[in-house]
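Asker: The file below is model28.pdb, PDB, C-alpha atoms, pLDDT in the B column:
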```pdb
MODEL        1
ATOM      1  CA  MET A   1    -158.627  25.637 151.438  1.00 49.00           C
ATOM      2  CA  SER A   2    -155.943  25.001 154.047  1.00 48.00           C
ATOM      3  CA  ALA A   3    -156.699  24.694 157.734  1.00 49.00           C
ATOM      4  CA  THR A   4    -154.727  26.861 160.084  1.00 43.00           C
ATOM      5  CA  ILE A   5    -153.748  25.136 163.275  1.00 41.00           C
ATOM      6  CA  THR A   6    -153.278  27.490 166.163  1.00 38.00           C
ATOM      7  CA  ARG A   7    -151.528  26.476 169.311  1.00 40.00           C
ATOM      8  CA  LYS A   8    -153.346  27.392 172.478  1.00 60.00           C
ATOM      9  CA  ARG A   9    -151.339  29.846 174.519  1.00 75.00           C
ATOM     10  CA  ASP A  10    -150.633  28.743 178.058  1.00 88.00           C
ATOM     11  CA  ALA A  11    -148.287  31.102 179.861  1.00 90.00           C
ATOM     12  CA  ALA A  12    -148.045  28.927 182.976  1.00 93.00           C
ATOM     13  CA  ALA A  13    -147.139  25.817 180.956  1.00 94.00           C
ATOM     14  CA  THR A  14    -144.589  27.759 178.886  1.00 95.00           C
ATOM     15  CA  ARG A  15    -143.004  29.215 182.013  1.00 96.00           C
ATOM     16  CA  ALA A  16    -142.866  25.762 183.616  1.00 96.00           C
ATOM     17  CA  ALA A  17    -141.274  24.238 180.497  1.00 96.00           C
ATOM     18  CA  ILE A  18    -138.605  26.945 180.434  1.00 97.00           C
ATOM     19  CA  LEU A  19    -137.855  26.496 184.147  1.00 97.00           C
ATOM     20  CA  LYS A  20    -137.621  22.721 183.745  1.00 97.00           C
ATOM     21  CA  ALA A  21    -135.198  23.068 180.819  1.00 98.00           C
ATOM     22  CA  ALA A  22    -133.165  25.689 182.717  1.00 98.00           C
ATOM     23  CA  LYS A  23    -132.863  23.501 185.818  1.00 98.00           C
ATOM     24  CA  ARG A  24    -131.545  20.648 183.714  1.00 97.00           C
ATOM     25  CA  ALA A  25    -129.138  22.865 181.748  1.00 98.00           C
ATOM     26  CA  PHE A  26    -127.749  24.632 184.838  1.00 97.00           C
ATOM     27  CA  THR A  27    -127.339  21.269 186.597  1.00 96.00           C
ATOM     28  CA  ASP A  28    -125.555  19.712 183.633  1.00 96.00           C
ATOM     29  CA  LYS A  29    -123.428  22.650 182.464  1.00 97.00           C
ATOM     30  CA  GLY A  30    -123.473  25.377 185.103  1.00 97.00           C
ATOM     31  CA  PHE A  31    -124.411  28.968 184.425  1.00 98.00           C
ATOM     32  CA  ASP A  32    -121.637  29.814 181.978  1.00 97.00           C
ATOM     33  CA  GLY A  33    -121.953  26.545 180.038  1.00 97.00           C
ATOM     34  CA  ALA A  34    -125.716  26.669 179.562  1.00 98.00           C
ATOM     35  CA  GLY A  35    -127.005  28.871 176.766  1.00 97.00           C
ATOM     36  CA  VAL A  36    -130.358  30.613 176.519  1.00 97.00           C
ATOM     37  CA  ARG A  37    -130.868  29.209 173.005  1.00 97.00           C
ATOM     38  CA  GLU A  38    -130.192  25.695 174.288  1.00 97.00           C
ATOM     39  CA  ILE A  39    -132.651  26.173 177.166  1.00 98.00           C
ATOM     40  CA  ALA A  40    -135.235  27.612 174.780  1.00 97.00           C
ATOM     41  CA  ALA A  41    -134.858  24.716 172.350  1.00 96.00           C
ATOM     42  CA  ALA A  42    -135.273  22.168 175.163  1.00 97.00           C
ATOM     43  CA  ALA A  43    -138.425  24.007 176.262  1.00 96.00           C
ATOM     44  CA  GLY A  44    -139.763  24.199 172.709  1.00 95.00           C
ATOM     45  CA  VAL A  45    -139.734  28.005 172.591  1.00 96.00           C
ATOM     46  CA  THR A  46    -137.541  30.781 171.206  1.00 95.00           C
ATOM     47  CA  ALA A  47    -134.743  32.518 173.064  1.00 96.00           C
ATOM     48  CA  ALA A  48    -136.697  35.753 172.743  1.00 95.00           C
ATOM     49  CA  LEU A  49    -139.566  34.161 174.645  1.00 95.00           C
ATOM     50  CA  VAL A  50    -137.215  33.047 177.425  1.00 96.00           C
ATOM     51  CA  ASN A  51    -135.996  36.622 177.734  1.00 95.00           C
ATOM     52  CA  ARG A  52    -139.563  37.925 177.649  1.00 95.00           C
ATOM     53  CA  TYR A  53    -140.559  35.658 180.533  1.00 97.00           C
ATOM     54  CA  PHE A  54    -137.444  36.072 182.670  1.00 97.00           C
ATOM     55  CA  GLY A  55    -135.671  39.206 181.487  1.00 96.00           C
ATOM     56  CA  SER A  56    -132.159  37.777 181.611  1.00 96.00           C
ATOM     57  CA  LYS A  57    -130.230  34.552 181.975  1.00 97.00           C
ATOM     58  CA  GLU A  58    -129.238  35.635 185.509  1.00 96.00           C
ATOM     59  CA  ALA A  59    -132.896  36.113 186.476  1.00 97.00           C
ATOM     60  CA  LEU A  60    -133.729  32.721 184.969  1.00 98.00           C
ATOM     61  CA  PHE A  61    -130.942  31.115 187.014  1.00 98.00           C
ATOM     62  CA  GLU A  62    -132.210  32.820 190.156  1.00 96.00           C
ATOM     63  CA  GLU A  63    -135.744  31.547 189.630  1.00 97.00           C
ATOM     64  CA  ALA A  64    -134.765  28.062 188.468  1.00 97.00           C
ATOM     65  CA  VAL A  65    -131.909  27.216 190.835  1.00 97.00           C
ATOM     66  CA  VAL A  66    -132.001  29.417 193.943  1.00 95.00           C
ATOM     67  CA  PRO A  67    -135.155  27.868 195.459  1.00 95.00           C
ATOM     68  CA  GLY A  68    -133.225  24.581 195.558  1.00 92.00           C
ATOM     69  CA  PHE A  69    -130.769  26.136 198.025  1.00 91.00           C
ATOM     70  CA  ASN A  70    -132.614  25.467 201.265  1.00 91.00           C
ATOM     71  CA  MET A  71    -132.695  23.204 204.302  1.00 93.00           C
ATOM     72  CA  ASP A  72    -136.318  23.827 205.253  1.00 93.00           C
ATOM     73  CA  GLU A  73    -137.261  20.148 205.191  1.00 92.00           C
ATOM     74  CA  LEU A  74    -134.403  19.213 207.513  1.00 94.00           C
ATOM     75  CA  MET A  75    -135.236  22.044 209.926  1.00 95.00           C
ATOM     76  CA  ALA A  76    -138.905  21.016 210.081  1.00 94.00           C
ATOM     77  CA  GLY A  77    -138.221  18.165 212.507  1.00 89.00           C
ATOM     78  CA  ASN A  78    -137.112  17.946 216.095  1.00 93.00           C
ATOM     79  CA  ARG A  79    -133.860  19.785 216.910  1.00 94.00           C
ATOM     80  CA  ALA A  80    -132.622  16.816 218.952  1.00 96.00           C
ATOM     81  CA  THR A  81    -132.624  14.589 215.859  1.00 97.00           C
ATOM     82  CA  PHE A  82    -131.378  17.080 213.256  1.00 97.00           C
ATOM     83  CA  GLY A  83    -127.968  15.405 212.923  1.00 97.00           C
ATOM     84  CA  GLN A  84    -129.484  11.984 212.298  1.00 97.00           C
ATOM     85  CA  ARG A  85    -132.043  13.369 209.835  1.00 96.00           C
ATOM     86  CA  ALA A  86    -129.434  15.341 207.919  1.00 97.00           C
ATOM     87  CA  ALA A  87    -126.903  12.488 207.851  1.00 96.00           C
ATOM     88  CA  VAL A  88    -129.408   9.922 206.580  1.00 96.00           C
ATOM     89  CA  TYR A  89    -130.728  12.389 204.000  1.00 94.00           C
ATOM     90  CA  LEU A  90    -127.262  13.173 202.629  1.00 93.00           C
ATOM     91  CA  ILE A  91    -126.053   9.593 202.607  1.00 94.00           C
ATOM     92  CA  SER A  92    -129.132   8.219 200.894  1.00 91.00           C
ATOM     93  CA  LYS A  93    -130.339  11.076 198.671  1.00 86.00           C
ATOM     94  CA  SER A  94    -130.342  10.800 194.930  1.00 83.00           C
ATOM     95  CA  HIS A  95    -131.156  13.345 192.262  1.00 76.00           C
ATOM     96  CA  GLU A  96    -131.467  10.621 189.639  1.00 83.00           C
ATOM     97  CA  GLY A  97    -134.126  11.711 187.176  1.00 83.00           C
ATOM     98  CA  ALA A  98    -134.652  15.097 188.847  1.00 87.00           C
ATOM     99  CA  ASP A  99    -134.501  18.249 186.755  1.00 92.00           C
ATOM    100  CA  LEU A 100    -132.433  20.110 189.351  1.00 94.00           C
ATOM    101  CA  ASP A 101    -129.480  18.956 191.393  1.00 93.00           C
ATOM    102  CA  PRO A 102    -128.742  22.034 193.525  1.00 91.00           C
ATOM    103  CA  THR A 103    -125.276  20.809 194.506  1.00 90.00           C
ATOM    104  CA  LEU A 104    -124.176  20.271 190.901  1.00 92.00           C
ATOM    105  CA  ALA A 105    -125.740  23.552 189.767  1.00 95.00           C
ATOM    106  CA  PHE A 106    -123.884  25.296 192.608  1.00 93.00           C
ATOM    107  CA  VAL A 107    -120.537  23.617 191.916  1.00 92.00           C
ATOM    108  CA  ARG A 108    -120.749  24.176 188.170  1.00 95.00           C
ATOM    109  CA  SER A 109    -121.877  27.808 188.516  1.00 96.00           C
ATOM    110  CA  ALA A 110    -120.004  29.128 191.565  1.00 93.00           C
ATOM    111  CA  GLY A 111    -117.063  30.347 189.481  1.00 94.00           C
ATOM    112  CA  SER A 112    -119.246  32.449 187.219  1.00 96.00           C
ATOM    113  CA  ARG A 113    -118.794  36.166 187.777  1.00 96.00           C
ATOM    114  CA  ALA A 114    -122.334  36.718 186.538  1.00 95.00           C
ATOM    115  CA  VAL A 115    -124.072  34.611 189.196  1.00 96.00           C
ATOM    116  CA  ALA A 116    -121.537  34.298 192.022  1.00 95.00           C
ATOM    117  CA  PRO A 117    -123.274  37.170 193.869  1.00 95.00           C
ATOM    118  CA  VAL A 118    -126.659  35.479 193.370  1.00 95.00           C
ATOM    119  CA  ILE A 119    -125.307  32.200 194.742  1.00 95.00           C
ATOM    120  CA  ASN A 120    -123.636  33.956 197.673  1.00 95.00           C
ATOM    121  CA  ARG A 121    -126.859  35.800 198.596  1.00 95.00           C
ATOM    122  CA  ALA A 122    -128.921  32.635 198.268  1.00 94.00           C
ATOM    123  CA  LEU A 123    -126.595  30.583 200.448  1.00 95.00           C
ATOM    124  CA  GLN A 124    -126.364  33.335 203.029  1.00 96.00           C
ATOM    125  CA  HIS A 125    -130.083  34.206 203.117  1.00 95.00           C
ATOM    126  CA  ASN A 126    -131.853  30.949 202.188  1.00 94.00           C
ATOM    127  CA  VAL A 127    -129.554  28.542 203.992  1.00 96.00           C
ATOM    128  CA  ILE A 128    -127.118  29.943 206.554  1.00 97.00           C
ATOM    129  CA  ALA A 129    -129.258  32.782 207.983  1.00 97.00           C
ATOM    130  CA  LYS A 130    -132.378  30.601 208.200  1.00 97.00           C
ATOM    131  CA  LEU A 131    -130.425  27.792 209.830  1.00 97.00           C
ATOM    132  CA  ALA A 132    -128.779  30.252 212.237  1.00 97.00           C
ATOM    133  CA  ASP A 133    -132.206  31.597 213.265  1.00 96.00           C
ATOM    134  CA  TRP A 134    -133.405  28.043 213.810  1.00 96.00           C
ATOM    135  CA  LEU A 135    -130.287  27.167 215.824  1.00 96.00           C
ATOM    136  CA  GLY A 136    -130.260  30.284 218.002  1.00 94.00           C
ATOM    137  CA  GLY A 137    -127.756  30.716 220.791  1.00 93.00           C
ATOM    138  CA  TYR A 138    -124.079  31.513 220.796  1.00 93.00           C
ATOM    139  CA  ASP A 139    -122.307  31.863 217.423  1.00 96.00           C
ATOM    140  CA  ALA A 140    -125.391  30.645 215.580  1.00 96.00           C
ATOM    141  CA  GLU A 141    -124.229  31.980 212.216  1.00 97.00           C
ATOM    142  CA  GLN A 142    -120.833  30.299 212.498  1.00 97.00           C
ATOM    143  CA  ARG A 143    -122.412  27.026 213.654  1.00 97.00           C
ATOM    144  CA  ALA A 144    -124.856  27.188 210.743  1.00 97.00           C
ATOM    145  CA  ALA A 145    -122.030  27.838 208.275  1.00 97.00           C
ATOM    146  CA  LEU A 146    -120.089  24.888 209.685  1.00 97.00           C
ATOM    147  CA  ILE A 147    -123.106  22.602 209.320  1.00 97.00           C
ATOM    148  CA  VAL A 148    -123.594  23.719 205.715  1.00 97.00           C
ATOM    149  CA  SER A 149    -119.866  23.282 204.996  1.00 96.00           C
ATOM    150  CA  HIS A 150    -119.813  19.746 206.387  1.00 96.00           C
ATOM    151  CA  MET A 151    -122.949  18.798 204.503  1.00 96.00           C
ATOM    152  CA  ALA A 152    -121.738  20.300 201.216  1.00 94.00           C
ATOM    153  CA  GLY A 153    -118.353  18.618 201.580  1.00 94.00           C
ATOM    154  CA  PHE A 154    -119.954  15.274 202.297  1.00 95.00           C
ATOM    155  CA  ASP A 155    -122.280  15.641 199.322  1.00 92.00           C
ATOM    156  CA  LEU A 156    -119.405  16.580 197.021  1.00 91.00           C
ATOM    157  CA  MET A 157    -117.172  13.738 198.159  1.00 93.00           C
ATOM    158  CA  GLY A 158    -119.789  11.029 198.478  1.00 89.00           C
ATOM    159  CA  ARG A 159    -122.248  11.646 195.687  1.00 84.00           C
ATOM    160  CA  ILE A 160    -120.380  13.718 193.133  1.00 85.00           C
ATOM    161  CA  ALA A 161    -116.752  12.565 193.520  1.00 90.00           C
ATOM    162  CA  LYS A 162    -118.134   9.083 194.278  1.00 88.00           C
ATOM    163  CA  ALA A 163    -115.803   8.340 197.192  1.00 91.00           C
ATOM    164  CA  GLY A 164    -116.808   4.714 197.739  1.00 89.00           C
ATOM    165  CA  ALA A 165    -116.428   4.777 201.507  1.00 94.00           C
ATOM    166  CA  LEU A 166    -119.131   7.478 201.664  1.00 92.00           C
ATOM    167  CA  GLY A 167    -121.694   5.654 199.518  1.00 91.00           C
ATOM    168  CA  PRO A 168    -125.241   4.807 200.556  1.00 92.00           C
ATOM    169  CA  GLU A 169    -124.289   1.149 201.030  1.00 94.00           C
ATOM    170  CA  HIS A 170    -122.351   2.317 204.110  1.00 94.00           C
ATOM    171  CA  LEU A 171    -125.332   4.072 205.705  1.00 94.00           C
ATOM    172  CA  GLU A 172    -125.160   2.065 208.950  1.00 96.00           C
ATOM    173  CA  ALA A 173    -121.477   2.887 209.518  1.00 96.00           C
ATOM    174  CA  LEU A 174    -121.634   6.503 208.330  1.00 96.00           C
ATOM    175  CA  ALA A 175    -124.910   7.862 209.682  1.00 96.00           C
ATOM    176  CA  PRO A 176    -124.149   7.683 213.433  1.00 97.00           C
ATOM    177  CA  ARG A 177    -120.705   9.250 213.024  1.00 97.00           C
ATOM    178  CA  PHE A 178    -121.799  12.009 210.669  1.00 97.00           C
ATOM    179  CA  ALA A 179    -124.929  12.632 212.747  1.00 97.00           C
ATOM    180  CA  ARG A 180    -122.818  13.207 215.896  1.00 97.00           C
ATOM    181  CA  VAL A 181    -120.695  15.824 214.127  1.00 97.00           C
ATOM    182  CA  LEU A 182    -123.704  17.723 212.779  1.00 97.00           C
ATOM    183  CA  GLN A 183    -125.671  17.420 216.027  1.00 97.00           C
ATOM    184  CA  ALA A 184    -122.720  18.801 218.002  1.00 97.00           C
ATOM    185  CA  TYR A 185    -123.094  22.096 216.142  1.00 97.00           C
ATOM    186  CA  VAL A 186    -126.829  22.137 216.873  1.00 96.00           C
ATOM    187  CA  ASP A 187    -126.342  21.429 220.575  1.00 95.00           C
ATOM    188  CA  ASP A 188    -123.367  23.778 221.083  1.00 89.00           C
ATOM    189  CA  ALA A 189    -125.501  26.840 221.848  1.00 71.00           C
ATOM    190  CA  MET A 190    -123.642  27.663 225.104  1.00 60.00           C
TER     191      MET A 190
ENDMDL
END
```
Output the file's structure as structure tokens, nothing else.
Answerer:
Amino acid sequence: MSATITRKRDAAATRAAILKAAKRAFTDKGFDGAGVREIAAAAGVTAALVNRYFGSKEALFEEAVVPGFNMDELMAGNRATFGQRAAVYLISKSHEGADLDPTLAFVRSAGSRAVAPVINRALQHNVIAKLADWLGGYDAEQRAALIVSHMAGFDLMGRIAKAGALGPEHLEALAPRFARVLQAYVDDAM
């Protein structure tokens, strides 16, 4: 007589495993480079199950990556110290060991025709529009877009392109200068 071992079904754990694998795959390879079968294998499930849970690779990307496009934590503090908070965060942040690196997922996926509209909507709605509402005043949307552009450029050059002069070891020299630039956009509400 052989014993049948049945695996307990746990939809929440399966969903979480798929999302974790998707975050890692989209960070490492971008949308076009990451395959559903690869994500499924990393999660220990079948590709059919990934599609059953998420419907499509685009929907999986939206659920796995888009929530990472936000500045909520930086906007939670005092407006007068936003520049300093944002500068220190960008200069010293690390995604080492994290499943999702939103900047890398963005950079590696932005050229994909399939998810470019998703990325555009997420940046506009989750980042720029929210920041503009928080900023208020004259040209809030343009000021918000400039802040996001400066921050993204710094992140790309310092952390991803590894421009040595922008590394965390230069925090004391960089933070005050970068903070002034970012804070000027916050304060320029005319």
Asker: Name the residues that the PyMOL selection byres ((chain A and resi 27) around 7) picks from the file above, as a list in words, using the file's chain letters and numbers.
Answerer: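 Evaluating the PyMOL selection byres ((chain A and resi 27) around 7) on this file yields Lys23, Arg24, Ala25, Phe26, Asp28, Lys29, Gly30, Leu100, Asp101, Leu104 and Ala105 of chain A.
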Asker: Extract, using all atoms listed in the file, all DNA, RNA and protein residues at most 10 Å from Glu58 of chain A, discarding same-chain residues fewer than 4 positions from it, and format them as a ChimeraX atom specification.
Answerer: /A:31,54,62-64,114-115,118
Asker: One decimal, in Å: what's the spacing between atom CA of His125 of chain A and atom CA of Phe69 of chain A?
Answerer: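 Going from atom CA of His125 of chain A over to atom CA of Phe69 of chain A covers 9.6 Å.
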Asker: Which neighbours of Met151 of chain A fall inside 12 Å, counting all atoms listed in the file, when residues of the same chain fewer than 4 positions from it are skipped, and could you give them as a list in words?
Answerer: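 Within the cut-off, the hits are Met71, Leu74, Gly83, Arg85, Ala86, Ala87, Val88, Tyr89, Leu90, Ile91, Thr103, Val127, Ala144, Ala145, Leu146, Ile147, Asp155, Leu156, Met157, Gly158, Arg159, Phe178, Ala179, Val181, Leu182 and Gln183 of chain A.
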Asker: Around (-137.6, 22.4, 214.2), as given in the file, which residues come within 12 Å? Count all atoms listed in the file and list them as an mmCIF file with C-alpha atoms, in the frame of the given file.
Answerer:
```
data_model
loop_
_atom_site.group_PDB
_atom_site.id
_atom_site.type_symbol
_atom_site.label_atom_id
_atom_site.label_comp_id
_atom_site.auth_asym_id
_atom_site.auth_seq_id
_atom_site.Cartn_x
_atom_site.Cartn_y
_atom_site.Cartn_z
ATOM 1 C CA MET A 71 -132.695 23.204 204.302
ATOM 2 C CA ASP A 72 -136.318 23.827 205.253
ATOM 3 C CA GLU A 73 -137.261 20.148 205.191
ATOM 4 C CA LEU A 74 -134.403 19.213 207.513
ATOM 5 C CA MET A 75 -135.236 22.044 209.926
ATOM 6 C CA ALA A 76 -138.905 21.016 210.081
ATOM 7 C CA GLY A 77 -138.221 18.165 212.507
ATOM 8 C CA ASN A 78 -137.112 17.946 216.095
ATOM 9 C CA ARG A 79 -133.860 19.785 216.910
ATOM 10 C CA ALA A 80 -132.622 16.816 218.952
ATOM 11 C CA THR A 81 -132.624 14.589 215.859
ATOM 12 C CA PHE A 82 -131.378 17.080 213.256
ATOM 13 C CA GLY A 83 -127.968 15.405 212.923
ATOM 14 C CA ARG A 85 -132.043 13.369 209.835
ATOM 15 C CA LYS A 130 -132.378 30.601 208.200
ATOM 16 C CA LEU A 131 -130.425 27.792 209.830
ATOM 17 C CA ALA A 132 -128.779 30.252 212.237
ATOM 18 C CA ASP A 133 -132.206 31.597 213.265
ATOM 19 C CA TRP A 134 -133.405 28.043 213.810
ATOM 20 C CA LEU A 135 -130.287 27.167 215.824
ATOM 21 C CA GLY A 136 -130.260 30.284 218.002
ATOM 22 C CA VAL A 186 -126.829 22.137 216.873
#
```
Asker: In terms of the shortest atom-to-atom distance over only C-alpha atoms, which of A:Ala98, A:His150, A:Ala40, A:Pro117 is closest to Val66 of chain A?
Answerer: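 Among the listed residues, A:Pro117 lies closest to Val66 of chain A.
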Asker: Name the residues that the PyMOL selection byres ((chain A and resi 8-17) around 12) pulls out of this structure, and write them as a PyMOL selection string.
Answerer: chain A and resi 5-7+18-24+39-46+49-54+60+63-64+99
Asker: Show which residues sit within 9 Å of Glu169 of chain A, as a list in words. Count all atoms listed in the file, and ignore same-chain residues fewer than 3 positions away.
Answerer: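 Using all atoms listed in the file, the neighbours found are Ile91, Ser92, Gly164, Ala165, Leu166 and Glu172 of chain A.
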Asker: Go ahead and write the residues just picked, C-alpha atoms, as a compact mmCIF listing (two decimals), keeping the file's coordinate frame.
Answerer:
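This is the output file selection-v4.txt:
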```txt
# COMPACT_ATOMS: atom_id res chain seq x y z
CA ILE A 91 -126.05 9.59 202.61
CA SER A 92 -129.13 8.22 200.89
CA GLY A 164 -116.81 4.71 197.74
CA ALA A 165 -116.43 4.78 201.51
CA LEU A 166 -119.13 7.48 201.66
CA GLU A 172 -125.16 2.06 208.95
```
Asker: Have a look at atom CA of Arg121 of chain A and atom CA of Asp32 of chain A and let me know their distance in Å, one decimal.
Answerer: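 About the pair atom CA of Arg121 of chain A and atom CA of Asp32 of chain A: they are 18.4 Å apart.
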Asker: Can you measure atom CA of Gln84 of chain A to atom CA of Ser109 of chain A for me? One decimal in Å is fine.
Answerer: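 These atoms are spaced 29.6 Å apart.
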Asker: Which one is closest to Leu171 of chain A: A:Arg113, A:Lys93, A:Arg143, A:Ser149? Count all atoms listed in the file.
Answerer: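 Checking each of A:Arg113, A:Lys93, A:Arg143, A:Ser149 against Leu171 of chain A, counting all atoms listed in the file, the winner is A:Lys93.
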